[in-house]
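Note: the block below is coords_10.cif and it holds mmCIF, C-alpha atoms and all ligand atoms.
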data_structure
#
loop_
_atom_site.label_atom_id
_atom_site.label_comp_id
_atom_site.auth_asym_id
_atom_site.auth_seq_id
_atom_site.Cartn_x
_atom_site.Cartn_y
_atom_site.Cartn_z
CA MET A 1 -2.70 -8.49 21.40
CA LYS A 2 -3.89 -8.57 17.81
CA LYS A 3 -6.03 -11.44 16.74
CA VAL A 4 -4.61 -14.23 14.63
CA GLU A 5 -7.12 -15.95 12.42
CA ASN A 6 -7.13 -18.88 10.02
CA CYS A 7 -8.93 -17.51 7.00
CA LYS A 8 -10.26 -19.49 4.07
CA LEU A 9 -8.93 -18.50 0.65
CA ILE A 10 -12.02 -18.07 -1.51
CA SER A 11 -10.57 -16.54 -4.67
CA LYS A 12 -7.12 -16.59 -6.29
CA THR A 13 -6.13 -14.94 -9.57
CA GLU A 14 -2.70 -14.34 -11.08
CA ILE A 15 -3.51 -10.90 -12.51
CA ILE A 16 -0.19 -10.51 -14.31
CA ASP A 17 2.93 -12.64 -14.26
CA GLY A 18 4.00 -13.09 -10.61
CA ILE A 19 1.26 -10.91 -9.07
CA PHE A 20 -1.51 -12.71 -7.18
CA ASP A 21 -4.90 -11.35 -6.16
CA PHE A 22 -6.26 -13.22 -3.11
CA VAL A 23 -9.62 -12.90 -1.35
CA ILE A 24 -10.00 -14.47 2.08
CA GLU A 25 -12.99 -14.76 4.39
CA SER A 26 -12.96 -12.79 7.64
CA GLU A 27 -15.92 -10.98 9.17
CA ASP A 28 -13.76 -9.32 11.84
CA ILE A 29 -10.99 -8.05 9.56
CA SER A 30 -13.47 -6.83 6.96
CA LYS A 31 -15.32 -4.83 9.64
CA GLU A 32 -12.21 -3.38 11.30
CA ALA A 33 -9.91 -2.71 8.34
CA GLN A 34 -9.00 0.89 7.65
CA CYS A 35 -7.45 2.25 4.47
CA GLY A 36 -3.69 1.68 4.47
CA GLN A 37 -3.60 -1.01 7.16
CA PHE A 38 -1.89 -4.33 6.55
CA LEU A 39 -2.08 -8.03 7.35
CA HIS A 40 0.87 -9.97 8.78
CA ILE A 41 0.74 -13.30 7.03
CA ASN A 42 2.23 -16.65 7.89
CA CYS A 43 3.20 -17.75 4.39
CA GLY A 44 4.01 -21.35 5.34
CA ASP A 45 6.79 -23.54 6.68
CA SER A 46 9.62 -22.05 4.58
CA THR A 47 9.69 -18.76 6.49
CA PHE A 48 9.84 -18.21 10.24
CA LEU A 49 8.64 -14.61 10.16
CA ARG A 50 5.28 -13.42 8.91
CA ARG A 51 5.22 -11.16 5.82
CA PRO A 52 3.35 -7.82 5.74
CA ILE A 53 0.87 -7.38 2.88
CA SER A 54 -1.50 -4.41 2.60
CA ILE A 55 -5.25 -4.69 2.67
CA CYS A 56 -6.40 -3.78 -0.83
CA ASP A 57 -10.10 -3.98 -0.07
CA ALA A 58 -12.35 -5.24 2.70
CA GLU A 59 -16.13 -5.49 2.83
CA ASN A 60 -18.98 -7.92 3.46
CA GLY A 61 -16.84 -10.48 5.26
CA LYS A 62 -14.25 -10.58 2.47
CA VAL A 63 -10.71 -9.24 2.57
CA ARG A 64 -8.64 -8.77 -0.55
CA PHE A 65 -4.87 -8.48 -0.80
CA ILE A 66 -2.59 -8.48 -3.83
CA PHE A 67 1.08 -9.38 -3.73
CA GLU A 68 4.09 -9.83 -5.95
CA VAL A 69 6.24 -12.92 -5.58
CA LYS A 70 9.60 -11.62 -4.34
CA GLY A 71 11.24 -14.38 -2.32
CA LYS A 72 10.62 -17.51 -0.27
CA GLY A 73 7.60 -16.23 1.67
CA THR A 74 5.54 -14.82 -1.15
CA GLU A 75 6.51 -17.78 -3.34
CA GLU A 76 5.04 -20.18 -0.79
CA LEU A 77 1.96 -17.98 -0.30
CA ALA A 78 1.34 -18.02 -4.05
CA LYS A 79 1.09 -21.84 -3.89
CA LYS A 80 -2.04 -21.69 -1.70
CA GLU A 81 -5.17 -22.82 -3.47
CA VAL A 82 -8.83 -21.86 -3.11
CA GLY A 83 -10.19 -23.72 -0.07
CA ASP A 84 -6.85 -23.62 1.80
CA TYR A 85 -6.62 -21.70 5.07
CA ILE A 86 -4.16 -18.83 5.61
CA ASP A 87 -2.90 -17.79 9.05
CA VAL A 88 -3.36 -14.02 9.18
CA MET A 89 -2.76 -11.42 11.91
CA GLY A 90 -4.50 -8.09 11.59
CA PRO A 91 -5.58 -5.57 10.62
CA LEU A 92 -2.36 -3.90 11.78
CA GLY A 93 -0.80 -0.46 11.70
CA HIS A 94 -1.85 3.13 11.41
CA GLY A 95 -3.43 3.77 8.01
CA PHE A 96 -4.25 6.86 5.96
CA GLU A 97 -5.86 9.75 7.80
CA ILE A 98 -9.05 10.81 6.01
CA LYS A 99 -10.12 14.36 6.81
CA ASP A 100 -13.47 15.92 5.94
CA SER A 101 -11.70 19.28 5.54
CA VAL A 102 -9.75 17.97 2.51
CA LYS A 103 -11.51 19.11 -0.64
CA ASN A 104 -9.03 18.27 -3.43
CA ALA A 105 -7.15 15.04 -2.85
CA VAL A 106 -4.61 13.31 -5.04
CA ILE A 107 -3.66 9.65 -4.73
CA ILE A 108 -0.37 8.53 -6.23
CA GLY A 109 0.93 4.96 -6.31
CA GLY A 110 3.78 3.15 -7.96
CA GLY A 111 4.15 -0.58 -8.71
CA ILE A 112 2.93 -2.78 -5.85
CA GLY A 113 2.26 0.46 -3.95
CA VAL A 114 -1.02 0.88 -5.82
CA PHE A 115 -2.70 -1.97 -3.91
CA PRO A 116 -3.16 -0.28 -0.49
CA LEU A 117 -4.53 2.80 -2.27
CA TYR A 118 -7.57 1.09 -3.78
CA LYS A 119 -9.70 1.00 -0.62
CA LEU A 120 -8.75 4.65 -0.06
CA ALA A 121 -9.79 5.58 -3.62
CA LYS A 122 -13.17 3.94 -2.94
CA ASN A 123 -13.61 5.99 0.22
CA ILE A 124 -12.65 9.50 -0.88
CA ASN A 125 -13.01 11.74 -3.93
CA ALA A 126 -9.59 11.92 -5.53
CA ASP A 127 -7.69 12.23 -8.76
CA VAL A 128 -5.41 9.23 -9.09
CA PHE A 129 -1.92 8.74 -10.56
CA LEU A 130 -0.63 5.20 -11.07
CA GLY A 131 2.92 4.49 -12.23
CA PHE A 132 4.42 1.24 -13.49
CA ARG A 133 7.68 0.13 -15.09
CA SER A 134 6.10 -0.81 -18.43
CA LYS A 135 2.79 -1.62 -20.11
CA ASP A 136 2.93 -5.31 -19.15
CA ARG A 137 3.11 -4.36 -15.42
CA VAL A 138 0.00 -2.12 -15.42
CA VAL A 139 -2.64 -3.39 -12.97
CA MET A 140 -5.99 -2.23 -11.57
CA GLU A 141 -6.42 0.65 -14.03
CA ASP A 142 -10.10 -0.16 -14.70
CA GLU A 143 -10.87 -0.70 -11.03
CA PHE A 144 -9.42 2.69 -10.06
CA ASN A 145 -11.28 4.28 -12.97
CA ASP A 146 -14.56 2.88 -11.62
CA VAL A 147 -14.12 4.58 -8.22
CA SER A 148 -12.15 7.78 -8.95
CA ASN A 149 -12.72 11.20 -10.52
CA MET A 150 -9.83 10.80 -12.91
CA VAL A 151 -7.01 8.29 -13.37
CA ILE A 152 -3.68 8.98 -15.08
CA VAL A 153 -1.51 5.93 -15.74
CA GLY A 154 2.14 6.30 -16.63
CA THR A 155 5.02 4.00 -17.45
CA ASP A 156 8.71 4.62 -16.82
CA ASP A 157 9.61 3.35 -20.31
CA GLY A 158 6.76 5.19 -22.05
CA SER A 159 5.16 1.99 -23.38
CA TYR A 160 1.72 3.01 -22.04
CA GLY A 161 0.07 6.24 -20.89
CA TYR A 162 2.15 9.13 -19.56
CA ASN A 163 5.76 8.73 -20.67
CA GLY A 164 8.02 8.96 -17.60
CA TYR A 165 7.93 8.91 -13.83
CA ILE A 166 4.42 9.27 -12.44
CA ALA A 167 5.55 11.89 -9.88
CA SER A 168 6.40 14.17 -12.83
CA ALA A 169 2.89 13.68 -14.23
CA MET A 170 1.45 14.69 -10.86
CA ASP A 171 3.77 17.70 -10.67
CA GLN A 172 2.54 18.95 -14.07
CA TYR A 173 -1.10 18.41 -13.03
CA LEU A 174 -0.52 20.43 -9.85
CA ASP A 175 0.49 23.46 -11.97
CA SER A 176 -3.18 23.88 -12.90
CA HIS A 177 -5.18 22.01 -10.22
CA LYS A 178 -5.86 22.71 -6.56
CA CYS A 179 -4.77 20.05 -4.10
CA ASP A 180 -4.82 20.01 -0.30
CA MET A 181 -3.72 16.42 0.41
CA ILE A 182 -1.54 13.87 -1.37
CA TYR A 183 -1.75 10.19 -0.41
CA SER A 184 1.13 8.05 -1.68
CA CYS A 185 2.58 4.57 -1.64
CA GLY A 186 5.29 3.12 -3.82
CA PRO A 187 9.02 2.64 -4.25
CA MET A 188 11.32 4.90 -2.22
CA PRO A 189 12.53 7.04 -5.19
CA MET A 190 8.88 7.80 -6.03
CA LEU A 191 8.04 8.64 -2.40
CA LYS A 192 11.06 10.96 -2.20
CA ALA A 193 9.99 12.74 -5.39
CA VAL A 194 6.39 13.05 -4.16
CA LYS A 195 7.53 14.38 -0.77
CA LYS A 196 9.75 16.99 -2.47
CA ILE A 197 6.95 18.12 -4.80
CA ALA A 198 4.41 18.29 -1.95
CA GLU A 199 6.72 20.23 0.34
CA SER A 200 7.79 22.68 -2.39
CA ARG A 201 4.11 23.38 -3.12
CA GLY A 202 3.06 23.51 0.54
CA ILE A 203 0.69 20.54 0.19
CA LYS A 204 0.18 18.07 3.05
CA CYS A 205 1.30 14.59 2.08
CA GLN A 206 0.89 11.14 3.61
CA VAL A 207 3.36 8.41 2.64
CA SER A 208 2.98 4.69 3.25
CA LEU A 209 6.34 2.98 3.90
CA GLU A 210 7.16 -0.60 2.95
CA GLN A 211 9.88 -1.30 5.51
CA ARG A 212 11.09 -4.84 6.20
CA MET A 213 9.31 -6.19 9.27
CA GLY A 214 9.73 -8.74 12.02
CA CYS A 215 7.00 -9.01 14.63
CA GLY A 216 4.59 -6.49 13.07
CA ILE A 217 3.29 -5.45 16.49
CA GLY A 218 5.88 -3.06 17.87
CA ALA A 219 8.07 -5.47 19.84
CA CYS A 220 11.25 -6.11 17.82
CA LEU A 221 12.29 -2.70 16.35
CA VAL A 222 13.24 -4.26 12.98
CA CYS A 223 11.04 -1.76 11.18
CA SER A 224 12.31 1.49 12.74
CA CYS A 225 12.44 4.62 10.64
CA GLU A 226 13.89 8.01 11.45
CA THR A 227 11.40 10.70 12.39
CA ASN A 228 11.72 14.42 12.79
CA LYS A 229 8.41 15.10 14.47
CA GLU A 230 8.93 17.43 17.39
CA GLY A 231 8.26 16.00 20.82
CA THR A 232 8.56 12.35 19.76
CA ASP A 233 11.33 9.73 19.82
CA ARG A 234 13.93 9.94 17.08
CA TYR A 235 12.78 6.59 15.69
CA ALA A 236 9.27 5.40 14.92
CA LYS A 237 8.05 1.87 14.32
CA VAL A 238 6.63 1.49 10.84
CA CYS A 239 4.43 -1.43 11.97
CA THR A 240 2.59 0.46 14.72
CA ASN A 241 3.24 4.20 14.26
CA GLY A 242 2.92 3.65 10.48
CA PRO A 243 3.03 2.37 7.82
CA VAL A 244 1.44 5.74 6.95
CA PHE A 245 3.16 8.94 8.10
CA TYR A 246 2.95 12.60 7.16
CA SER A 247 5.89 13.18 4.81
CA GLU A 248 7.33 16.00 6.91
CA GLU A 249 7.53 13.68 9.93
CA VAL A 250 9.79 11.00 8.44
CA THR A 251 13.20 10.84 6.84
CA LEU A 252 12.97 8.77 3.68
CA ASN A 253 16.09 6.60 3.49
CA ASP A 254 16.88 4.07 0.73
C1 LIG B 301 3.30 -2.37 5.43
C2 LIG B 301 3.72 -3.17 4.22
C3 LIG B 301 2.78 -3.46 3.25
C4 LIG B 301 3.13 -4.21 2.13
N1 LIG B 301 2.17 -4.46 1.21
C5 LIG B 301 2.48 -5.19 0.12
C6 LIG B 301 1.46 -5.49 -0.84
O1 LIG B 301 0.30 -5.11 -0.72
N2 LIG B 301 1.82 -6.24 -1.91
C7 LIG B 301 3.12 -6.69 -2.09
O2 LIG B 301 3.40 -7.35 -3.10
N3 LIG B 301 4.09 -6.42 -1.19
C8 LIG B 301 3.81 -5.69 -0.09
N4 LIG B 301 4.79 -5.43 0.83
C9 LIG B 301 6.14 -5.98 0.61
C10 LIG B 301 6.17 -7.44 1.07
O3 LIG B 301 5.99 -7.48 2.47
C11 LIG B 301 7.52 -8.09 0.72
O4 LIG B 301 7.66 -8.14 -0.69
C12 LIG B 301 7.57 -9.50 1.28
O5 LIG B 301 7.67 -9.44 2.68
C13 LIG B 301 8.78 -10.26 0.73
O6 LIG B 301 8.83 -11.51 1.39
P1 LIG B 301 9.50 -12.78 0.71
O7 LIG B 301 9.72 -13.81 1.74
O8 LIG B 301 8.76 -13.19 -0.51
O9 LIG B 301 10.87 -12.21 0.20
P2 LIG B 301 12.24 -12.14 0.99
O10 LIG B 301 12.99 -13.39 0.70
O11 LIG B 301 12.03 -11.72 2.40
O12 LIG B 301 12.88 -10.94 0.19
C14 LIG B 301 12.98 -10.98 -1.25
C15 LIG B 301 13.37 -9.62 -1.77
O13 LIG B 301 12.35 -8.65 -1.44
C16 LIG B 301 12.92 -7.58 -0.68
N5 LIG B 301 11.97 -7.18 0.36
C17 LIG B 301 11.57 -7.90 1.42
N6 LIG B 301 10.71 -7.21 2.19
C18 LIG B 301 10.57 -6.02 1.60
C19 LIG B 301 9.83 -4.86 1.90
N7 LIG B 301 9.09 -4.75 3.00
N8 LIG B 301 9.90 -3.83 1.04
C20 LIG B 301 10.66 -3.89 -0.05
N9 LIG B 301 11.39 -4.96 -0.39
C21 LIG B 301 11.36 -6.00 0.42
C22 LIG B 301 14.19 -8.14 -0.08
O14 LIG B 301 15.15 -7.12 0.16
C23 LIG B 301 14.66 -9.09 -1.14
O15 LIG B 301 15.38 -8.42 -2.15
C24 LIG B 301 4.47 -4.67 1.96
C25 LIG B 301 5.42 -4.37 2.94
C26 LIG B 301 5.05 -3.63 4.05
C27 LIG B 301 6.05 -3.31 5.10
S1 LIG B 302 8.19 -5.19 13.00
FE1 LIG B 302 8.74 -5.51 15.08
S2 LIG B 302 8.63 -3.50 15.89
FE2 LIG B 302 7.89 -3.25 13.87
#
Could you show the structure in this file as structure tokens?
Ligand SMILES: Cc1cc2nc3c(=O)[nH]c(=O)nc-3n(C[C@H](O)[C@H](O)[C@H](O)COP(=O)(O)OP(=O)(O)OC[C@H]3O[C@@H](n4cnc5c(N)ncnc54)[C@H](O)[C@@H]3O)c2cc1C
Ligand code: FES
Amino acid sequence: MKKVENCKLISKTEIIDGIFDFVIESEDISKEAQCGQFLHINCGDSTFLRRPISICDAENGKVRFIFEVKGKGTEELAKKEVGDYIDVMGPLGHGFEIKDSVKNAVIIGGGIGVFPLYKLAKNINADVFLGFRSKDRVVMEDEFNDVSNMVIVGTDDGSYGYNGYIASAMDQYLDSHKCDMIYSCGPMPMLKAVKKIAESRGIKCQVSLEQRMGCGIGACLVCSCETNKEGTDRYAKVCTNGPVFYSEEVTLND
């Protein structure tokens, strides 16, 4: 059974409108956390179920997560203040697989999908692609720049950086650069585009899925996704078998 901990909120910043950057204290989670894992958070009395939020960074007894206010749960979480305690279960899930044999990695994230990729970017050498709706939604560009070989930022409306979908920017880059692993997290249309590009170019690709969740520990089946990996069940649980899968092993449904 995964440990549930009451963790003190030690830093809170609203980095852009409706997106909150929280740092909590936890020696155990900071030691155990792997890139791409998530926390299952009790947001407060307004929601019965915990809400999954990715670990953005974890070191020296501090665990950072960044979330967008979407509904009741995240709205209540955003009301927590420094000094309050947050009931957290984790770290949970199967994160990104980091292989020494990979020599030319690409990381691609879209919207709130960039947050779980930060710890990964700190841990591997990669060229990074970050996509956002518009200039006012761009986050963490400087932080990724500090830890990556190269960062390309794009906006869907062309108001900042590459003009268009970030998967297209990556596709153009791949015409002239070697790549043997793509790590991705973001909205489903982006993941589908990335999977298609990776498979057409014969590049291995890991995708992190943001499925709705219930228990977070493999007991309720709320988070099932269809798999096509030979020798396994037809459905996998995103909370325990994922959230990260190899793109060829999962069917990406809207
Ligand atoms: C493994 C995992 C990691 C995640 N990491 C992050 C993160 O780092 N930062 C972040 O901001 N969000 C993250 N999410 C999404 C986050 O869990 C949801 O936004 C949150 O649960 C919404 O809860 P709520 O009570 O505020 O909204 P609800 O009232 O439950 O829902 C509000 C709206 O959000 C939609 N929604 C709810 N859950 C999801 C979901 N899982 N994916 C997409 N849309 C959803 C609903 O359909 C609805 O339209 C992650 C999800 C998963 C599964
Ligand atoms: S959320 Fe319950 S099995 Fe995955």
* Surrounding residues of stretch 244-248 of chain A excluding itself and chain neighbours under 5 positions, 12 Å, all atoms listed in the file, as a PyMOL selection string -> chain A and resi 34-38+54+92-98+116-117+181-186+191-200+202-211+225-230+236-239
Output as a Markdown table one row per residue of chain A within 6 Å of ligand LIG 302 (chain B): the closest atom pair and its distance in Å to one decimal place, counting all atoms listed in the file, sorted by chain and residue number ascending.
| residue | atom | partner | partner_atom | distance |
| --- | --- | --- | --- | --- |
| A:Met213 | CA | B:LIG302 | S1 | 4.0 |
| A:Gly214 | CA | B:LIG302 | S1 | 4.0 |
| A:Cys215 | CA | B:LIG302 | FE1 | 3.9 |
| A:Gly216 | CA | B:LIG302 | S1 | 3.8 |
| A:Ile217 | CA | B:LIG302 | FE1 | 5.6 |
| A:Gly218 | CA | B:LIG302 | S2 | 3.4 |
| A:Ala219 | CA | B:LIG302 | S2 | 4.4 |
| A:Cys220 | CA | B:LIG302 | FE1 | 3.8 |
| A:Leu221 | CA | B:LIG302 | S2 | 3.8 |
| A:Val222 | CA | B:LIG302 | FE1 | 5.1 |
| A:Cys223 | CA | B:LIG302 | FE2 | 4.4 |
| A:Lys237 | CA | B:LIG302 | FE2 | 5.1 |
| A:Val238 | CA | B:LIG302 | FE2 | 5.8 |
| A:Cys239 | CA | B:LIG302 | FE2 | 4.3 |
* Asked: Nearest to ligand LIG 301 (chain B): which of A:Ser148, A:Asn60, A:Ser101, A:Thr74 is it, counting all atoms listed in the file?
  ->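 Closest residue, counting all atoms listed in the file: A:Thr74.
Minimum distance to A:Gly90 across A:Asn253, A:Thr155, A:Thr240, A:Ser176 (counting all atoms listed in the file) occurs at A:Thr240.
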Please write out the residues within 6 Å of ligand LIG 301 (chain B) as a tab-separated table (two decimals) with C-alpha atoms, in the coordinates of the input, counting all atoms listed in the file.
chain	number	residue	atom	x	y	z
A	38	PHE	CA	-1.89	-4.33	6.55
A	51	ARG	CA	5.22	-11.16	5.82
A	52	PRO	CA	3.35	-7.82	5.74
A	53	ILE	CA	0.87	-7.38	2.88
A	54	SER	CA	-1.50	-4.41	2.60
A	66	ILE	CA	-2.59	-8.48	-3.83
A	67	PHE	CA	1.08	-9.38	-3.73
A	68	GLU	CA	4.09	-9.83	-5.95
A	69	VAL	CA	6.24	-12.92	-5.58
A	70	LYS	CA	9.60	-11.62	-4.34
A	71	GLY	CA	11.24	-14.38	-2.32
A	72	LYS	CA	10.62	-17.51	-0.27
A	73	GLY	CA	7.60	-16.23	1.67
A	74	THR	CA	5.54	-14.82	-1.15
A	75	GLU	CA	6.51	-17.78	-3.34
A	112	ILE	CA	2.93	-2.78	-5.85
A	115	PHE	CA	-2.70	-1.97	-3.91
A	116	PRO	CA	-3.16	-0.28	-0.49
A	210	GLU	CA	7.16	-0.60	2.95
A	211	GLN	CA	9.88	-1.30	5.51
A	212	ARG	CA	11.09	-4.84	6.20
A	243	PRO	CA	3.03	2.37	7.82
* Asked: Do you know which residues lie at most 7 Å from (-8.7, -20.7, -5.6), with coordinates as in the file and only C-alpha atoms counted, and could you write them as a PyMOL selection string?
  -> chain A and resi 9-12+81-83
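Note that atom CA of A:Val106 and atom CA of A:His40 are 27.6 Å apart.
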* Asked: Suppose you want the space between atom CA of A:Pro187 and atom CA of A:Gly164; what is it in Å?
  ->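 So the two atoms, atom CA of A:Pro187 and atom CA of A:Gly164, lie 14.8 Å apart.
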* Skip A:Tyr85 itself and residues of its chain fewer than 3 positions away, then list as a PyMOL selection string all residues within 12 Å of it, counting all atoms listed in the file. => chain A and resi 5-11+22-26+41-44+77+79-82+88
Reconstructed N, CA and C atoms for stretch 229-254 of chain A, given as a PDB file, keeping the file's coordinate frame:
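Contents of the output file selection.pdb:
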ATOM      1  N   LYS A 229       9.581  14.444  13.882  1.00  0.00           N
ATOM      2  CA  LYS A 229       8.410  15.100  14.470  1.00  0.00           C
ATOM      3  C   LYS A 229       8.788  15.593  15.861  1.00  0.00           C
ATOM      4  N   GLU A 230       8.554  16.868  16.091  1.00  0.00           N
ATOM      5  CA  GLU A 230       8.930  17.430  17.390  1.00  0.00           C
ATOM      6  C   GLU A 230       8.185  16.752  18.520  1.00  0.00           C
ATOM      7  N   GLY A 231       8.902  16.546  19.627  1.00  0.00           N
ATOM      8  CA  GLY A 231       8.260  16.000  20.820  1.00  0.00           C
ATOM      9  C   GLY A 231       8.088  14.497  20.792  1.00  0.00           C
ATOM     10  N   THR A 232       8.675  13.810  19.785  1.00  0.00           N
ATOM     11  CA  THR A 232       8.560  12.350  19.760  1.00  0.00           C
ATOM     12  C   THR A 232       9.964  11.743  19.743  1.00  0.00           C
ATOM     13  N   ASP A 233      10.044  10.419  19.885  1.00  0.00           N
ATOM     14  CA  ASP A 233      11.330   9.730  19.820  1.00  0.00           C
ATOM     15  C   ASP A 233      11.942   9.944  18.449  1.00  0.00           C
ATOM     16  N   ARG A 234      13.272   9.728  18.364  1.00  0.00           N
ATOM     17  CA  ARG A 234      13.930   9.940  17.080  1.00  0.00           C
ATOM     18  C   ARG A 234      13.533   8.847  16.077  1.00  0.00           C
ATOM     19  N   TYR A 235      13.155   7.676  16.597  1.00  0.00           N
ATOM     20  CA  TYR A 235      12.780   6.590  15.690  1.00  0.00           C
ATOM     21  C   TYR A 235      11.322   6.194  15.920  1.00  0.00           C
ATOM     22  N   ALA A 236      10.650   5.885  14.819  1.00  0.00           N
ATOM     23  CA  ALA A 236       9.270   5.400  14.920  1.00  0.00           C
ATOM     24  C   ALA A 236       9.234   3.975  14.399  1.00  0.00           C
ATOM     25  N   LYS A 237       8.211   3.243  14.804  1.00  0.00           N
ATOM     26  CA  LYS A 237       8.050   1.870  14.320  1.00  0.00           C
ATOM     27  C   LYS A 237       7.058   1.903  13.161  1.00  0.00           C
ATOM     28  N   VAL A 238       7.512   1.437  12.010  1.00  0.00           N
ATOM     29  CA  VAL A 238       6.630   1.490  10.840  1.00  0.00           C
ATOM     30  C   VAL A 238       5.400   0.601  11.055  1.00  0.00           C
ATOM     31  N   CYS A 239       5.558  -0.493  11.821  1.00  0.00           N
ATOM     32  CA  CYS A 239       4.430  -1.430  11.970  1.00  0.00           C
ATOM     33  C   CYS A 239       3.312  -0.882  12.851  1.00  0.00           C
ATOM     34  N   THR A 240       3.643  -0.030  13.825  1.00  0.00           N
ATOM     35  CA  THR A 240       2.590   0.460  14.720  1.00  0.00           C
ATOM     36  C   THR A 240       2.339   1.967  14.578  1.00  0.00           C
ATOM     37  N   ASN A 241       3.424   2.763  14.473  1.00  0.00           N
ATOM     38  CA  ASN A 241       3.240   4.200  14.260  1.00  0.00           C
ATOM     39  C   ASN A 241       2.846   4.461  12.807  1.00  0.00           C
ATOM     40  N   GLY A 242       3.234   3.584  11.911  1.00  0.00           N
ATOM     41  CA  GLY A 242       2.920   3.650  10.480  1.00  0.00           C
ATOM     42  C   GLY A 242       2.083   2.447  10.118  1.00  0.00           C
ATOM     43  N   PRO A 243       2.070   1.993   8.868  1.00  0.00           N
ATOM     44  CA  PRO A 243       3.030   2.370   7.820  1.00  0.00           C
ATOM     45  C   PRO A 243       2.809   3.760   7.222  1.00  0.00           C
ATOM     46  N   VAL A 244       1.681   4.433   7.569  1.00  0.00           N
ATOM     47  CA  VAL A 244       1.440   5.740   6.950  1.00  0.00           C
ATOM     48  C   VAL A 244       1.889   6.855   7.892  1.00  0.00           C
ATOM     49  N   PHE A 245       2.675   7.777   7.351  1.00  0.00           N
ATOM     50  CA  PHE A 245       3.160   8.940   8.100  1.00  0.00           C
ATOM     51  C   PHE A 245       2.928  10.192   7.258  1.00  0.00           C
ATOM     52  N   TYR A 246       2.884  11.348   7.911  1.00  0.00           N
ATOM     53  CA  TYR A 246       2.950  12.600   7.160  1.00  0.00           C
ATOM     54  C   TYR A 246       4.392  12.755   6.670  1.00  0.00           C
ATOM     55  N   SER A 247       4.551  13.176   5.421  1.00  0.00           N
ATOM     56  CA  SER A 247       5.890  13.180   4.810  1.00  0.00           C
ATOM     57  C   SER A 247       6.872  14.038   5.592  1.00  0.00           C
ATOM     58  N   GLU A 248       6.384  15.117   6.210  1.00  0.00           N
ATOM     59  CA  GLU A 248       7.330  16.000   6.910  1.00  0.00           C
ATOM     60  C   GLU A 248       7.811  15.388   8.229  1.00  0.00           C
ATOM     61  N   GLU A 249       7.169  14.282   8.640  1.00  0.00           N
ATOM     62  CA  GLU A 249       7.530  13.680   9.930  1.00  0.00           C
ATOM     63  C   GLU A 249       8.565  12.578   9.817  1.00  0.00           C
ATOM     64  N   VAL A 250       8.845  12.116   8.583  1.00  0.00           N
ATOM     65  CA  VAL A 250       9.790  11.000   8.440  1.00  0.00           C
ATOM     66  C   VAL A 250      10.915  11.334   7.471  1.00  0.00           C
ATOM     67  N   THR A 251      12.079  10.736   7.762  1.00  0.00           N
ATOM     68  CA  THR A 251      13.200  10.840   6.840  1.00  0.00           C
ATOM     69  C   THR A 251      13.102   9.641   5.914  1.00  0.00           C
ATOM     70  N   LEU A 252      13.084   9.886   4.622  1.00  0.00           N
ATOM     71  CA  LEU A 252      12.970   8.770   3.680  1.00  0.00           C
ATOM     72  C   LEU A 252      14.363   8.312   3.277  1.00  0.00           C
ATOM     73  N   ASN A 253      14.771   7.163   3.813  1.00  0.00           N
ATOM     74  CA  ASN A 253      16.090   6.600   3.490  1.00  0.00           C
ATOM     75  C   ASN A 253      15.923   5.433   2.526  1.00  0.00           C
ATOM     76  N   ASP A 254      16.949   5.203   1.669  1.00  0.00           N
ATOM     77  CA  ASP A 254      16.880   4.070   0.730  1.00  0.00           C
ATOM     78  C   ASP A 254      17.018   2.748   1.477  1.00  0.00           C
TER      79      ASP A 254
END
